[in-house]
Structure formats: C-alpha cells, structure tokens
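**Student:** To be precise about what I am sending: the file is called upload.txt and holds compact mmCIF, C-alpha atoms and all ligand atoms.
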# COMPACT_ATOMS: atom_id res chain seq x y z
CA MET A 1 -0.91 65.74 120.05
CA THR A 2 1.38 68.42 121.55
CA PRO A 3 1.33 71.59 119.41
CA PRO A 4 4.78 72.59 118.03
CA LEU A 5 6.57 75.17 120.18
CA LEU A 6 6.63 78.68 118.73
CA PRO A 7 10.14 79.88 117.83
CA THR A 8 11.62 82.37 120.29
CA PRO A 9 14.41 84.91 119.77
CA PHE A 10 16.67 82.51 121.63
CA ASP A 11 16.24 79.81 118.97
CA GLU A 12 17.87 82.21 116.53
CA LEU A 13 20.54 83.23 119.05
CA ARG A 14 21.42 79.57 119.63
CA ARG A 15 22.19 79.34 115.91
CA GLY A 16 24.44 82.39 116.16
CA ARG A 17 22.00 84.73 114.40
CA LEU A 18 20.76 88.03 115.73
CA PRO A 19 16.95 87.81 115.79
CA ALA A 20 15.06 90.60 114.01
CA THR A 21 13.64 91.78 117.33
CA MET A 22 17.16 92.32 118.65
CA ALA A 23 18.64 93.65 115.42
CA THR A 24 17.11 97.02 116.17
CA MET A 25 19.46 97.18 119.16
CA LEU A 26 22.56 96.77 116.99
CA SER A 27 24.47 100.02 116.58
CA PRO A 28 25.12 101.10 112.97
CA PHE A 29 27.38 98.26 112.00
CA SER A 30 30.28 98.83 114.28
CA VAL A 31 33.03 99.31 111.77
CA ASP A 32 34.10 102.59 113.36
CA GLU A 33 34.47 100.90 116.72
CA HIS A 34 36.30 98.02 115.06
CA GLU A 35 38.69 100.49 113.45
CA ARG A 36 39.32 102.12 116.86
CA HIS A 37 39.99 98.65 118.33
CA VAL A 38 42.56 97.81 115.63
CA VAL A 39 44.36 101.12 116.26
CA ALA A 40 44.18 100.64 120.05
CA LEU A 41 45.76 97.18 119.82
CA ALA A 42 48.89 98.69 118.28
CA GLU A 43 49.39 100.93 121.34
CA ASP A 44 47.57 99.16 124.11
CA GLY A 45 49.83 96.91 126.15
CA GLY A 46 50.42 96.38 129.85
CA ARG A 47 49.87 94.03 132.75
CA SER A 48 46.36 92.71 133.56
CA PRO A 49 45.31 90.87 136.70
CA VAL A 50 43.26 87.83 135.56
CA HIS A 51 41.81 85.37 138.09
CA GLY A 52 44.98 85.16 140.19
CA LEU A 53 47.55 85.60 137.40
CA GLU A 54 49.31 88.69 136.07
CA ILE A 55 49.23 88.61 132.27
CA ASP A 56 51.60 90.84 130.27
CA THR A 57 50.42 92.02 126.85
CA PRO A 58 53.00 93.60 124.54
CA PRO A 59 51.56 96.32 122.25
CA GLY A 60 50.04 94.72 119.15
CA LEU A 61 48.49 91.70 120.88
CA TYR A 62 44.90 91.21 122.05
CA ARG A 63 44.73 92.38 125.68
CA PRO A 64 42.47 90.60 128.20
CA HIS A 65 40.84 93.78 129.53
CA ALA A 66 37.70 93.56 131.64
CA ALA A 67 35.30 93.84 128.65
CA SER A 68 37.30 91.52 126.36
CA SER A 69 36.09 88.26 124.83
CA SER A 70 38.95 86.60 126.76
CA GLN A 71 37.42 87.60 130.10
CA PHE A 72 33.91 86.66 128.88
CA ILE A 73 35.09 83.14 127.98
CA LEU A 74 36.86 82.81 131.32
CA ARG A 75 33.78 83.96 133.26
CA THR A 76 31.70 81.41 131.35
CA LEU A 77 34.08 78.48 131.86
CA LEU A 78 34.83 79.30 135.50
CA ARG A 79 31.06 79.30 136.11
CA GLU A 80 30.38 76.08 134.14
CA ARG A 81 33.56 74.39 135.46
CA PRO A 82 34.00 71.73 132.72
CA ARG A 83 36.79 69.18 133.32
CA LEU A 84 39.20 70.10 130.51
CA GLY A 85 41.90 67.45 131.06
CA ARG A 86 44.53 67.82 128.34
CA LEU A 87 43.63 71.14 126.71
CA LEU A 88 44.63 72.42 123.27
CA GLU A 89 44.24 76.17 122.85
CA LEU A 90 44.32 77.68 119.36
CA GLY A 91 45.08 81.37 118.85
CA CYS A 92 46.48 81.66 122.37
CA GLY A 93 47.66 85.29 122.08
CA THR A 94 49.14 86.18 125.50
CA GLY A 95 48.21 82.69 126.78
CA VAL A 96 45.65 84.18 129.15
CA LEU A 97 42.98 81.51 128.59
CA GLY A 98 45.11 78.37 128.69
CA LEU A 99 47.19 79.60 131.64
CA THR A 100 44.19 80.74 133.70
CA LEU A 101 42.32 77.47 133.12
CA LEU A 102 45.43 75.56 134.19
CA TYR A 103 46.03 77.78 137.22
CA GLN A 104 42.37 77.53 138.26
CA GLY A 105 42.50 73.72 138.08
CA LEU A 106 40.05 73.14 135.18
CA ALA A 107 42.81 71.86 132.86
CA ASP A 108 45.54 69.38 133.82
CA GLU A 109 47.92 70.42 131.05
CA VAL A 110 47.76 72.80 128.12
CA LEU A 111 49.33 73.10 124.68
CA MET A 112 48.92 76.64 123.32
CA LEU A 113 49.31 77.49 119.62
CA ASP A 114 49.31 80.74 117.69
CA VAL A 115 50.21 81.78 114.17
CA THR A 116 52.16 84.91 115.16
CA ASP A 117 55.67 85.05 116.61
CA ALA A 118 54.69 87.87 118.93
CA ALA A 119 51.91 85.79 120.52
CA VAL A 120 54.13 82.74 121.00
CA HIS A 121 56.82 84.85 122.72
CA ALA A 122 54.28 86.61 124.95
CA ALA A 123 52.59 83.34 125.95
CA GLN A 124 55.97 81.74 126.71
CA ALA A 125 56.96 84.70 128.92
CA ASN A 126 53.61 84.66 130.77
CA LEU A 127 53.82 80.89 131.24
CA GLU A 128 57.31 81.10 132.79
CA ARG A 129 56.43 84.04 135.06
CA ALA A 130 53.33 82.16 136.28
CA GLY A 131 55.53 79.16 137.20
CA LEU A 132 53.42 76.82 135.01
CA ALA A 133 56.17 75.57 132.67
CA ALA A 134 55.89 71.97 133.91
CA ARG A 135 52.34 71.61 132.56
CA ALA A 136 52.14 74.14 129.72
CA GLN A 137 53.79 74.45 126.30
CA VAL A 138 53.56 76.96 123.45
CA ARG A 139 54.17 76.32 119.76
CA GLN A 140 53.82 78.34 116.59
CA GLY A 141 51.68 77.37 113.62
CA ASP A 142 48.55 77.87 111.60
CA LEU A 143 45.50 76.43 113.35
CA PHE A 144 46.04 72.69 114.11
CA ALA A 145 49.19 72.36 111.93
CA PRO A 146 51.59 71.70 114.87
CA VAL A 147 49.45 68.73 116.02
CA ALA A 148 48.35 67.49 112.57
CA GLY A 149 50.01 64.86 110.36
CA PRO A 150 49.20 61.26 109.47
CA ALA A 151 48.08 60.58 113.06
CA PRO A 152 46.47 63.83 114.28
CA GLN A 153 46.84 64.37 118.03
CA ARG A 154 43.55 64.27 119.96
CA PHE A 155 42.77 66.28 123.09
CA ASP A 156 40.21 66.14 125.90
CA SER A 157 39.29 69.72 125.09
CA VAL A 158 39.94 72.36 122.44
CA LEU A 159 39.47 76.09 122.98
CA PHE A 160 39.60 78.97 120.48
CA ASN A 161 38.74 82.62 121.08
CA LEU A 162 38.34 83.35 117.37
CA PRO A 163 38.84 86.58 115.46
CA LEU A 164 35.16 87.47 115.15
CA MET A 165 34.80 90.14 112.44
CA HIS A 166 33.91 88.33 109.21
CA ALA A 167 32.69 91.41 107.31
CA ASP A 168 34.86 92.76 104.52
CA HIS A 169 34.68 96.24 106.06
CA GLY A 170 37.36 97.95 103.99
CA GLY A 171 39.17 99.34 107.04
CA ARG A 172 42.31 98.25 108.84
CA ARG A 173 42.51 94.61 109.87
CA HIS A 174 44.24 92.71 112.66
CA PRO A 175 44.83 88.93 112.89
CA ALA A 176 43.32 88.90 116.39
CA LEU A 177 40.12 90.61 115.26
CA ASP A 178 39.56 89.93 111.54
CA ASP A 179 38.66 86.73 109.75
CA THR A 180 37.36 88.13 106.48
CA ALA A 181 34.63 85.91 105.00
CA GLY A 182 35.06 83.51 107.93
CA GLN A 183 37.78 81.46 106.23
CA LEU A 184 39.48 80.66 109.53
CA ALA A 185 36.19 79.66 111.17
CA TRP A 186 35.40 77.31 108.25
CA ARG A 187 38.83 75.65 108.52
CA PHE A 188 38.68 75.45 112.34
CA PHE A 189 35.29 73.73 112.33
CA GLU A 190 36.30 71.34 109.52
CA GLN A 191 39.49 70.21 111.30
CA LEU A 192 38.14 70.20 114.87
CA PRO A 193 36.53 66.72 115.02
CA ALA A 194 39.82 64.99 114.09
CA HIS A 195 41.51 66.53 117.17
CA LEU A 196 38.93 65.73 119.85
CA ALA A 197 38.94 62.57 121.97
CA PRO A 198 35.68 60.57 121.72
CA GLN A 199 34.35 62.20 124.92
CA GLY A 200 36.07 65.49 124.13
CA ARG A 201 34.51 68.94 124.03
CA ALA A 202 35.36 72.17 122.30
CA PHE A 203 34.65 75.72 123.45
CA PHE A 204 34.82 78.76 121.20
CA SER A 205 33.66 82.34 120.83
CA TYR A 206 31.38 83.57 118.05
CA ALA A 207 29.43 86.76 117.38
CA ASN A 208 26.72 88.23 115.24
CA ILE A 209 29.45 90.03 113.26
CA SER A 210 30.54 86.49 112.26
CA ASP A 211 29.03 84.53 109.36
CA PRO A 212 26.44 82.06 110.71
CA ALA A 213 27.09 79.62 107.82
CA PRO A 214 30.24 77.93 109.24
CA LEU A 215 28.49 77.50 112.59
CA GLU A 216 25.44 75.98 110.89
CA ALA A 217 27.75 73.56 109.06
CA LEU A 218 29.43 72.58 112.34
CA GLY A 219 25.98 71.75 113.71
CA GLU A 220 25.66 69.07 110.98
CA GLN A 221 28.77 67.30 112.30
CA MET A 222 28.73 67.99 116.03
CA ALA A 223 26.29 68.71 118.86
CA VAL A 224 26.58 72.48 119.33
CA GLU A 225 25.23 74.31 122.39
CA LEU A 226 25.14 78.01 123.25
CA LEU A 227 26.59 78.48 126.75
CA ALA A 228 26.50 82.26 127.13
CA ALA A 229 25.63 85.45 125.25
CA GLU A 230 26.70 88.99 126.11
CA TRP A 231 25.71 92.31 124.55
CA VAL A 232 28.88 94.39 124.07
CA ALA A 233 27.33 97.83 124.18
CA ARG A 234 30.47 99.76 123.23
CA SER A 235 31.07 97.69 120.10
CA GLY A 236 27.39 97.18 119.34
CA PHE A 237 27.36 93.41 118.86
CA TRP A 238 26.48 90.14 120.55
CA LEU A 239 29.24 87.88 121.73
CA PHE A 240 28.59 84.17 122.22
CA VAL A 241 30.38 81.23 123.84
CA TYR A 242 29.56 77.83 122.34
CA GLU A 243 30.36 74.26 123.28
CA ALA A 244 30.62 71.49 120.65
CA ARG A 245 30.79 67.74 121.30
CA PRO A 246 30.99 64.75 118.98
CA LYS A 247 27.47 63.55 118.11
CA ARG A 248 26.48 60.29 119.73
CA PRO A 249 26.31 57.45 117.18
CA GLN A 250 22.61 57.00 116.19
C1 LIG B 301 40.79 87.20 119.68
S1 LIG B 301 42.49 86.78 119.73
C2 LIG B 301 42.48 85.73 121.20
C3 LIG B 301 43.80 85.76 121.97
C4 LIG B 301 43.74 85.03 123.31
N1 LIG B 301 43.39 83.64 123.15
C5 LIG B 301 42.73 85.70 124.22
O1 LIG B 301 41.63 85.15 124.39
O2 LIG B 301 43.04 86.78 124.74
C6 LIG B 301 42.68 85.62 118.37
C7 LIG B 301 44.06 84.99 118.23
O3 LIG B 301 44.01 84.10 117.10
C8 LIG B 301 45.28 84.14 116.47
N2 LIG B 301 45.17 83.64 115.09
C9 LIG B 301 44.70 84.28 114.00
N3 LIG B 301 44.79 83.49 112.91
C10 LIG B 301 45.32 82.31 113.33
C11 LIG B 301 45.67 81.08 112.68
N4 LIG B 301 45.50 80.94 111.36
N5 LIG B 301 46.18 80.08 113.42
C12 LIG B 301 46.37 80.24 114.76
N6 LIG B 301 46.08 81.38 115.44
C13 LIG B 301 45.56 82.40 114.73
C14 LIG B 301 45.70 85.62 116.56
O4 LIG B 301 47.09 85.77 116.38
C15 LIG B 301 45.20 85.95 117.98
O5 LIG B 301 46.21 85.75 118.93
What would the structure in this file look like if it were written as structure tokens?
**Tutor:**
Amino acid sequence: MTPPLLPTPFDELRRGRLPATMATMLSPFSVDEHERHVVALAEDGGRSPVHGLEIDTPPGLYRPHAASSSQFILRTLLRERPRLGRLLELGCGTGVLGLTLLYQGLADEVLMLDVTDAAVHAAQANLERAGLAARAQVRQGDLFAPVAGPAPQRFDSVLFNLPLMHADHGGRRHPALDDTAGQLAWRFFEQLPAHLAPQGRAFFSYANISDPAPLEALGEQMAVELLAAEWVARSGFWLFVYEARPKRPQ
C-alpha cells in the first residue's frame, strides 16, 4: 500500500492559509501599510500603460500600478491563457482587467460591473478611449445584481479582483481594499455557481489577510485550484489567484 503523502506548506497555501513555516515571514500585521494604501488611493491617480492599453485612474479608485493585484492577475491569466469567451467582471474599478483581457484576445466580449459610480464612469471612459465599445459594456450594481433575477444570466467566465482585507482593523477603510469579516467574499462565492455556464470557470484574487472560511466553503461546491501566489513584500502578505470550476457530476 502506498504510504499517505506528508502535508507540505503548499497544501495549506492551496487552501488560502499561510502555513506556520511562512507565517514568520509575515510583517507585523500590515495595518499600517493598509492605512497608507487607503490614504494613497485618495490622491493617487494617473495614466498607466497596461499590456498595450493606457488606463486612466481618477483619484479615489484602485490604480493598476506595477505591484498591484490587478497586474498580478493579468500576468497570471496572460501566462495561463484561458479561453474566457463571454466574460463577466465584478468590481471592475477602472476596467483594467476586462479591457486588457478583451484587447489581448482572451475574452470575446465583456460585461463589467461595479458598485461605485466613480468606477463605472472611469471604466466607461477607458473602454471608449481604447476603442472597445463594440464588445464591452459597463453597468452599476452590487455584485451580480445587474445580471440576477428569475433567470440569472450565465457567462463563460467570471472574474473578480476582490477587496482582500477582511480584518476589522479599526483604521480607515476603502471599498476597493476592505471587506470586513469577508461578507462580500461569502456572497460572491454563494452566488457564483448560478452565473457560470456548465463548462464555465471563475478567476479571483484572495490573500492571507482574507478569511479562509469562505474559500473553504466554496471548495465544497466547486473545484478550486490555486493558480499563482505572490509575496507582496511592501504590504507583508501573500496574494493568490484562484480558479474555480463547477464540480463534475459524480
Ligand atoms: C481591488 S478593487 C479591483 C478593481 C479592478 N478590477 C482592478 O483589478 O484594478 C475591488 C473593486 O471591487 C468593487 N466593489 C466593492 N464592493 C463591491 C460590491 N458590493 N459589488 C461590486 N463591486 C464592488 C470596488 O468598488 C473596487 O472597484
């Protein structure tokens, strides 16, 4: 009989947990850096070159700078090159992810949603300047609300670069960065399966400053795979990109 494999640190990482051996590398829980990030977002706008597009970020929105989760997701997907077909992006912010994946030919069309007015306006402006209006749309709403209803719309792929800080840190918060107690993650994972085509796939960010419980619960419903992990030295946390697919019927 084959002996059971010993657990490795990567088994824990795959579940979205920081293994004890790596926890010693975590900087004192990066609330100070988080606070600096929230303040910086209020002032930090400008134009960013992103894989062939120029993305404008008004002050107050999440900017796709070189070390951002946006660029990490794009590096991962441009390396893996999944066929995204008709893509739904939640929390689109400036639209950088949906527009780049369309421009780079991974998606055929994209519907981008965000809860804030500012994001919807910025994504619309970036979409028009990129000349992608024929295959991209932006709408406002909470999570899947604009595509929900008695017959929820299904997509070939769903993407969400989530707000990753689930800790109730007592400092300033920002809707792009904070999801206190992981309420948004819980709702996203619960509603996701109803919006994926049978062969569909979802991609999303997660971190070890996020609660592992919602991710564990998703693993009960869907096949979840870790695609990439990156140590963000400045912020002192691990950033992950996951893929989730409907489980095959047993
Ligand atoms: C980390 S930012 C990602 C922005 C952009 N997708 C990117 O990668 O640069 C998270 C985004 O989620 C949006 N968001 C937060 N709560 C939301 C909700 N309840 N429904 C939809 N979007 C939400 C924020 O407004 C923000 O634009």
**Student:** For A:Leu106, which residue out of A:Arg86, A:His65, A:Arg129, A:His121 is the nearest one, using all atoms listed in the file?
**Tutor:**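 For A:Leu106, the nearest of the given residues is A:Arg86.
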**Student:** For A:Ala123, find every residue with an atom within 7 Å (counting only C-alpha atoms), except residues of its own chain fewer than 5 positions away, and show them as a list in words.
**Tutor:**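 Counting only the stated atoms, we get Gly93, Thr94, Gly95 and Val138 of chain A.
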**Student:** Would you write out, as a Markdown table, a table of all residues in chain A that have an atom no more than 8 Å from an atom of ligand LIG 301 (chain B), listing for each the closest atom pair and the distance in Å to one decimal, considering only C-alpha atoms and all ligand atoms and ordering rows by chain and rising residue number?
**Tutor:**
| residue | atom | partner | partner_atom | distance |
| --- | --- | --- | --- | --- |
| A:Leu61 | CA | B:LIG301 | O5 | 6.7 |
| A:Tyr62 | CA | B:LIG301 | O2 | 5.5 |
| A:Arg63 | CA | B:LIG301 | O2 | 5.9 |
| A:Pro64 | CA | B:LIG301 | O2 | 5.2 |
| A:Ser68 | CA | B:LIG301 | O2 | 7.6 |
| A:Ser69 | CA | B:LIG301 | O1 | 6.4 |
| A:Ser70 | CA | B:LIG301 | O1 | 3.9 |
| A:Gln71 | CA | B:LIG301 | O1 | 7.5 |
| A:Ile73 | CA | B:LIG301 | O1 | 7.7 |
| A:Glu89 | CA | B:LIG301 | N1 | 7.5 |
| A:Leu90 | CA | B:LIG301 | C12 | 5.6 |
| A:Gly91 | CA | B:LIG301 | O3 | 3.4 |
| A:Cys92 | CA | B:LIG301 | N1 | 3.8 |
| A:Gly93 | CA | B:LIG301 | O5 | 3.5 |
| A:Thr94 | CA | B:LIG301 | C4 | 5.9 |
| A:Gly95 | CA | B:LIG301 | N1 | 6.1 |
| A:Val96 | CA | B:LIG301 | O2 | 5.7 |
| A:Leu97 | CA | B:LIG301 | O1 | 5.7 |
| A:Gly98 | CA | B:LIG301 | N1 | 7.8 |
| A:Leu113 | CA | B:LIG301 | C12 | 6.3 |
| A:Asp114 | CA | B:LIG301 | N6 | 4.0 |
| A:Val115 | CA | B:LIG301 | C12 | 4.2 |
| A:Thr116 | CA | B:LIG301 | O4 | 5.3 |
| A:Ala119 | CA | B:LIG301 | O5 | 5.9 |
| A:Gln140 | CA | B:LIG301 | C12 | 7.9 |
| A:Gly141 | CA | B:LIG301 | N5 | 6.1 |
| A:Asp142 | CA | B:LIG301 | N5 | 3.7 |
| A:Leu143 | CA | B:LIG301 | N5 | 3.7 |
| A:Phe144 | CA | B:LIG301 | N5 | 7.4 |
| A:Phe160 | CA | B:LIG301 | N1 | 6.6 |
| A:Asn161 | CA | B:LIG301 | C2 | 4.9 |
| A:Leu162 | CA | B:LIG301 | C6 | 5.0 |
| A:Pro163 | CA | B:LIG301 | C1 | 4.7 |
| A:Leu164 | CA | B:LIG301 | C1 | 7.2 |
| A:Pro175 | CA | B:LIG301 | C9 | 4.8 |
| A:Ala176 | CA | B:LIG301 | C15 | 3.8 |
| A:Leu177 | CA | B:LIG301 | C1 | 5.6 |
| A:Asp179 | CA | B:LIG301 | N3 | 7.6 |
| A:Leu184 | CA | B:LIG301 | N4 | 6.3 |
**Student:** Of the residues A:Leu111, A:Ala181, A:Ala194, A:Ala122, which is the one nearest to A:Arg47, using all atoms listed in the file?
**Tutor:**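 With all atoms listed in the file as the atom set, the closest residue is A:Ala122.
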**Student:** What's the separation between atom CA of A:Arg83 and atom CA of A:Gly105, in Å to one decimal place?
**Tutor:**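 Separation of atom CA of A:Arg83 and atom CA of A:Gly105: 8.7 Å.
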**Student:** Between A:Leu101, A:Leu218, A:Ala148, A:Ala66, which one has atoms that come closest to A:Arg79, using only C-alpha atoms?
**Tutor:**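 Looking at the shortest contact to A:Arg79, the residue is A:Leu101.
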**Student:** Measuring atom to atom with all atoms listed in the file, identify which of A:Phe204, A:Glu80, A:Ala40, A:Ser235 is nearest to A:Phe188.
**Tutor:** A:Phe204
**Student:** Which is closest to A:Asp156 among A:Asp11, A:Asp108, A:Glu216, A:Glu230, if we use all atoms listed in the file?
**Tutor:**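 Distance minimum relative to A:Asp156 lands on A:Asp108.
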**Student:** For atom CA of A:Arg75 and atom CA of A:Ala197, quote the distance in Å rounded to one decimal.
**Tutor:**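 Rounded to one decimal, the two atoms are 24.7 Å apart.
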**Student:** Do a neighbour search on A:Thr100 at 8 Å with all atoms listed in the file, toss out local chain neighbours closer than 4 positions, and write the hits as a VMD selection string.
**Tutor:** chain A and resid 50 to 53 74 96 104
**Student:** With a distance cut-off of 8 Å and only C-alpha atoms, select the neighbouring residues of A:Glu33, excluding the residue or stretch itself and same-chain residues fewer than 3 positions from it, and output the selection as an NGL selection string.
**Tutor:** :A and (30 or 36-37 or 234-235)
**Student:** Record the distance separating atom CA of A:Arg139 and atom CA of A:His174, expressed in Å with one decimal.
**Tutor:**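 About the pair atom CA of A:Arg139 and atom CA of A:His174: they are 20.4 Å apart.
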**Student:** Using the file's own x, y and z axes, what box holds all listed atoms of stretch 67-74 of chain A with 6 Å on each side, keeping edges along x, y and z, and what are its centre and edge lengths in Å to one decimal, as JSON?
**Tutor:**
{"center_x": 36.4, "center_y": 88.3, "center_z": 128.1, "size_x": 17.0, "size_y": 23.0, "size_z": 18.5}
**Student:** Pick from A:Met165, A:Ala125, A:Ala233, A:Val120: nearest to A:Ser210, with all atoms listed in the file counted?
**Tutor:**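 Result for the nearest residue to A:Ser210: A:Met165.
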**Student:** If you count all atoms listed in the file, which residues fall within 7 Å of A:Asp56, apart from same-chain ones fewer than 3 positions away, as a list in words?
**Tutor:**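 Selected residues are Gly46, Arg47, Ser48 and Asn126 of chain A.
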**Student:** Can I get the selected residues back with C-alpha atoms, as a PDB file, in the frame of the given file?
**Tutor:**
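Generated file (result-v9.pdb):
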ATOM      1  CA  GLY A  46      50.420  96.380 129.850  1.00  0.00           C
ATOM      2  CA  ARG A  47      49.870  94.030 132.750  1.00  0.00           C
ATOM      3  CA  SER A  48      46.360  92.710 133.560  1.00  0.00           C
ATOM      4  CA  ASN A 126      53.610  84.660 130.770  1.00  0.00           C
TER       5      ASN A 126
END
**Student:** Using only C-alpha atoms, which protein or nucleic acid residues come within 8 Å of A:Ala229? Drop anything in the same chain fewer than 4 positions from it, and give the result as a list of chain:residue names.
**Tutor:**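 The neighbour list is A:Trp238, A:Leu239, A:Phe240, A:Val241.
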**Student:** Store the residues picked out above in a file with C-alpha atoms, as a tab-separated table (two decimals), in the coordinates of the input.
**Tutor:**
chain	number	residue	atom	x	y	z
A	238	TRP	CA	26.48	90.14	120.55
A	239	LEU	CA	29.24	87.88	121.73
A	240	PHE	CA	28.59	84.17	122.22
A	241	VAL	CA	30.38	81.23	123.84
**Student:** With N, CA and C atoms as the goal, would you fill in the gaps in stretch 82-110 of chain A and present it as a CSV table (one decimal), in the coordinates of the input?
**Tutor:**
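File written: result_26.csv
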chain,number,residue,atom,x,y,z
A,82,PRO,N,33.8,73.0,133.4
A,82,PRO,CA,34.0,71.7,132.7
A,82,PRO,C,35.4,71.2,133.1
A,83,ARG,N,35.5,69.8,133.1
A,83,ARG,CA,36.8,69.2,133.3
A,83,ARG,C,37.5,69.2,132.0
A,84,LEU,N,38.6,69.9,131.8
A,84,LEU,CA,39.2,70.1,130.5
A,84,LEU,C,40.3,69.1,130.2
A,85,GLY,N,40.9,68.5,131.3
A,85,GLY,CA,41.9,67.4,131.1
A,85,GLY,C,43.1,68.0,130.3
A,86,ARG,N,43.4,67.3,129.2
A,86,ARG,CA,44.5,67.8,128.3
A,86,ARG,C,43.9,68.8,127.3
A,87,LEU,N,44.3,70.1,127.5
A,87,LEU,CA,43.6,71.1,126.7
A,87,LEU,C,44.5,71.6,125.6
A,88,LEU,N,44.0,71.8,124.4
A,88,LEU,CA,44.6,72.4,123.3
A,88,LEU,C,44.0,73.8,123.1
A,89,GLU,N,44.8,74.8,123.1
A,89,GLU,CA,44.2,76.2,122.8
A,89,GLU,C,44.8,76.7,121.5
A,90,LEU,N,43.9,77.1,120.6
A,90,LEU,CA,44.3,77.7,119.4
A,90,LEU,C,44.3,79.2,119.5
A,91,GLY,N,45.1,79.9,118.8
A,91,GLY,CA,45.1,81.4,118.8
A,91,GLY,C,45.3,81.9,120.3
A,92,CYS,N,46.3,81.4,120.9
A,92,CYS,CA,46.5,81.7,122.4
A,92,CYS,C,46.8,83.1,122.7
A,93,GLY,N,47.3,83.9,121.8
A,93,GLY,CA,47.7,85.3,122.1
A,93,GLY,C,48.6,85.3,123.2
A,94,THR,N,48.3,86.1,124.3
A,94,THR,CA,49.1,86.2,125.5
A,94,THR,C,49.2,84.9,126.3
A,95,GLY,N,48.3,83.9,126.0
A,95,GLY,CA,48.2,82.7,126.8
A,95,GLY,C,47.2,82.8,127.9
A,96,VAL,N,46.5,83.9,128.0
A,96,VAL,CA,45.6,84.2,129.2
A,96,VAL,C,44.6,83.1,129.4
A,97,LEU,N,44.0,82.5,128.4
A,97,LEU,CA,43.0,81.5,128.6
A,97,LEU,C,43.6,80.2,129.1
A,98,GLY,N,44.5,79.7,128.3
A,98,GLY,CA,45.1,78.4,128.7
A,98,GLY,C,45.8,78.4,130.1
A,99,LEU,N,46.5,79.5,130.4
A,99,LEU,CA,47.2,79.6,131.6
A,99,LEU,C,46.2,79.8,132.8
A,100,THR,N,45.2,80.6,132.6
A,100,THR,CA,44.2,80.7,133.7
A,100,THR,C,43.4,79.4,134.0
A,101,LEU,N,43.1,78.7,132.9
A,101,LEU,CA,42.3,77.5,133.1
A,101,LEU,C,43.2,76.4,133.8
A,102,LEU,N,44.5,76.5,133.5
A,102,LEU,CA,45.4,75.6,134.2
A,102,LEU,C,45.6,76.0,135.7
A,103,TYR,N,45.8,77.2,135.9
A,103,TYR,CA,46.0,77.8,137.2
A,103,TYR,C,44.8,77.6,138.1
A,104,GLN,N,43.6,77.7,137.5
A,104,GLN,CA,42.4,77.5,138.3
A,104,GLN,C,41.9,76.1,138.4
A,105,GLY,N,42.7,75.1,137.9
A,105,GLY,CA,42.5,73.7,138.1
A,105,GLY,C,41.5,73.1,137.2
A,106,LEU,N,41.0,73.8,136.1
A,106,LEU,CA,40.0,73.1,135.2
A,106,LEU,C,40.8,72.3,134.2
A,107,ALA,N,42.0,72.7,133.8
A,107,ALA,CA,42.8,71.9,132.9
A,107,ALA,C,44.0,71.2,133.6
A,108,ASP,N,44.4,70.0,133.2
A,108,ASP,CA,45.5,69.4,133.8
A,108,ASP,C,46.8,69.8,133.1
A,109,GLU,N,46.8,69.9,131.8
A,109,GLU,CA,47.9,70.4,131.0
A,109,GLU,C,47.4,71.1,129.8
A,110,VAL,N,48.2,72.0,129.3
A,110,VAL,CA,47.8,72.8,128.1
A,110,VAL,C,48.9,72.9,127.1
